[in-house]
Amino acid sequence: MASVNAQIKRGSAELAVLTLLAGQPLHGYEIAKQIEAQTGGVLRFDMASLYPMLHRLERKSWVRAEWQTLPNRRRRRCYRLTASGRKQIAPLRAQWRAFFQALQSVTGFQNA
Amino acid sequence: MPDWKQIVRRNLRVLAVCSPELTEELAGHLEDRYEALRCEGLPAEAAFQHTFGQIEGRCRVWLVIRFLQEDLMAGFIRKVALPGLLTSAAACFFYWALALDHIRPKVIWLVGGQLPLWWWCLLPICGALGALLSQRNSGSRLQRIAASLLPSAIMGSFILLIFVAGFTLSEMVNHYWWISARLESLGIVPPGFVVMPAAFSLLGAGIAEVSTRKFRRLA
């Protein structure tokens, strides 16, 4: 399986997380697990990249975090997309689409 | 099940990045990871090692660096740069005022160079000013420290630049006395204008921190 350069991964992480949270509120481990599962392991977040980013998104008010008690009585910090965060998804998608189209026109690869 | 909270607290206390909330959040992640590995059939020891690997060695360093970076850069202009620049201006003013009034009591240090002792004594005021201004703008502890140390950091970069340029020029003109003069001042200038001022500014920031905490407790 092809590995993805760390810089590209970092740039795409915000979009991936915001898109995922648009579906439902999730806590950190679930976010990492779902991204890994949905991308077939190509995108994999370790704690050092995931949590600082989640906290940054929270500071930007794109996500809101709240403690929830799970059925097994454990507390987890769940992240929920805010209205402001929802507004960011479309521009981010547009930027990435433009980037892939530009790359496609240069390299000639398909299915970007 | 290992006590992940305790493990996180112990492993990430190095730079005090872990607030109780963050400790709990990271411990929760590790708990889930550990349980998932156990469910996949890994023995307890292997699952522990695999999970612990996420906050150990290089991973731990990256985790701490990323959190510090995020902490430092959040509202950098308002919480670090502006208070830091005002601190620098205050430090420059003190230096200028002392020189203007011909107050030049200095200490002899290292290779016979003279260092501005009285200026150092005034620097805790500047450090405290930087820390308090940053605190006023809701700066974190790291940002308060950074604001009080910014003048020394600026001076350090400036001196480094001068030395690099100086050494390069010395090489070009190949004058022995140039190099020896640079080496001599290398022993005086960085300690006198970077290291000691940084220490005194930090002292001021520390005093400000303690006094504000005490004041808050009294209030």
# chains A, B, ... in the order shown; residues from 1 in each chain; ligands from 1
call {"tool": "select_by_dssp", "arguments": {"residues": "chain A", "states": "alpha helix (DSSP H)", "output": "JSON, numbers by chain"}}
result
{"A": [6, 7, 8, 9, 10, 11, 12, 13, 14, 15, 16, 17, 18, 19, 20, 21, 22, 23, 28, 29, 30, 31, 32, 33, 34, 35, 36, 37, 38, 47, 48, 49, 50, 51, 52, 53, 54, 55, 56, 57, 58, 59, 83, 84, 85, 86, 87, 88, 89, 90, 91, 92, 93, 94, 95, 96, 97, 98, 99, 100, 101, 102, 103, 104, 105, 106, 107]}
call {"tool": "interface_residues", "arguments": {"of": "chain A", "to": "chain B", "cutoff": "12 Å", "atoms": "only C-alpha atoms", "output": "compact mmCIF listing (two decimals) with C-alpha atoms, in the first residue's frame"}}
result
# COMPACT_ATOMS: atom_id res chain seq x y z
CA HIS A 27 -14.14 11.17 20.40
CA GLY A 28 -10.45 11.16 19.46
CA TYR A 29 -9.89 7.43 19.24
CA GLU A 30 -13.03 6.91 17.14
CA ILE A 31 -11.94 9.66 14.76
CA ALA A 32 -8.53 8.03 14.28
CA LYS A 33 -10.08 4.58 13.89
CA PHE A 45 -3.30 9.49 12.77
CA ASP A 46 -1.09 9.06 15.77
CA MET A 47 -1.78 10.95 18.98
CA ALA A 48 0.86 13.56 18.20
CA SER A 49 -0.92 14.64 15.04
CA LEU A 50 -4.54 14.08 16.04
CA TYR A 51 -4.96 15.75 19.42
CA PRO A 52 -3.03 18.98 18.82
CA MET A 53 -5.10 19.37 15.64
CA LEU A 54 -8.39 18.71 17.44
CA HIS A 55 -7.45 21.30 20.06
CA ARG A 56 -6.56 23.76 17.32
CA LEU A 57 -9.93 23.21 15.64
CA GLU A 58 -11.58 23.74 19.01
CA ARG A 59 -9.72 27.03 19.50
CA LYS A 60 -10.88 28.14 16.06
CA ALA A 65 -15.68 19.39 22.77
CA GLU A 66 -17.72 18.05 25.66
CA TRP A 67 -17.24 15.24 28.13
CA GLN A 68 -19.61 12.33 27.78
CA THR A 69 -19.99 9.31 29.98
CA LEU A 70 -20.14 6.10 27.96
CA ASN A 72 -19.12 1.48 30.45
CA ARG A 73 -18.96 4.55 32.76
CA ARG A 74 -15.81 5.85 31.14
CA ARG A 75 -15.58 9.51 30.28
CA ARG A 76 -14.59 10.52 26.77
CA ARG A 77 -14.15 13.97 25.24
CA CYS A 78 -16.46 14.05 22.23
CA TYR A 79 -15.98 16.51 19.42
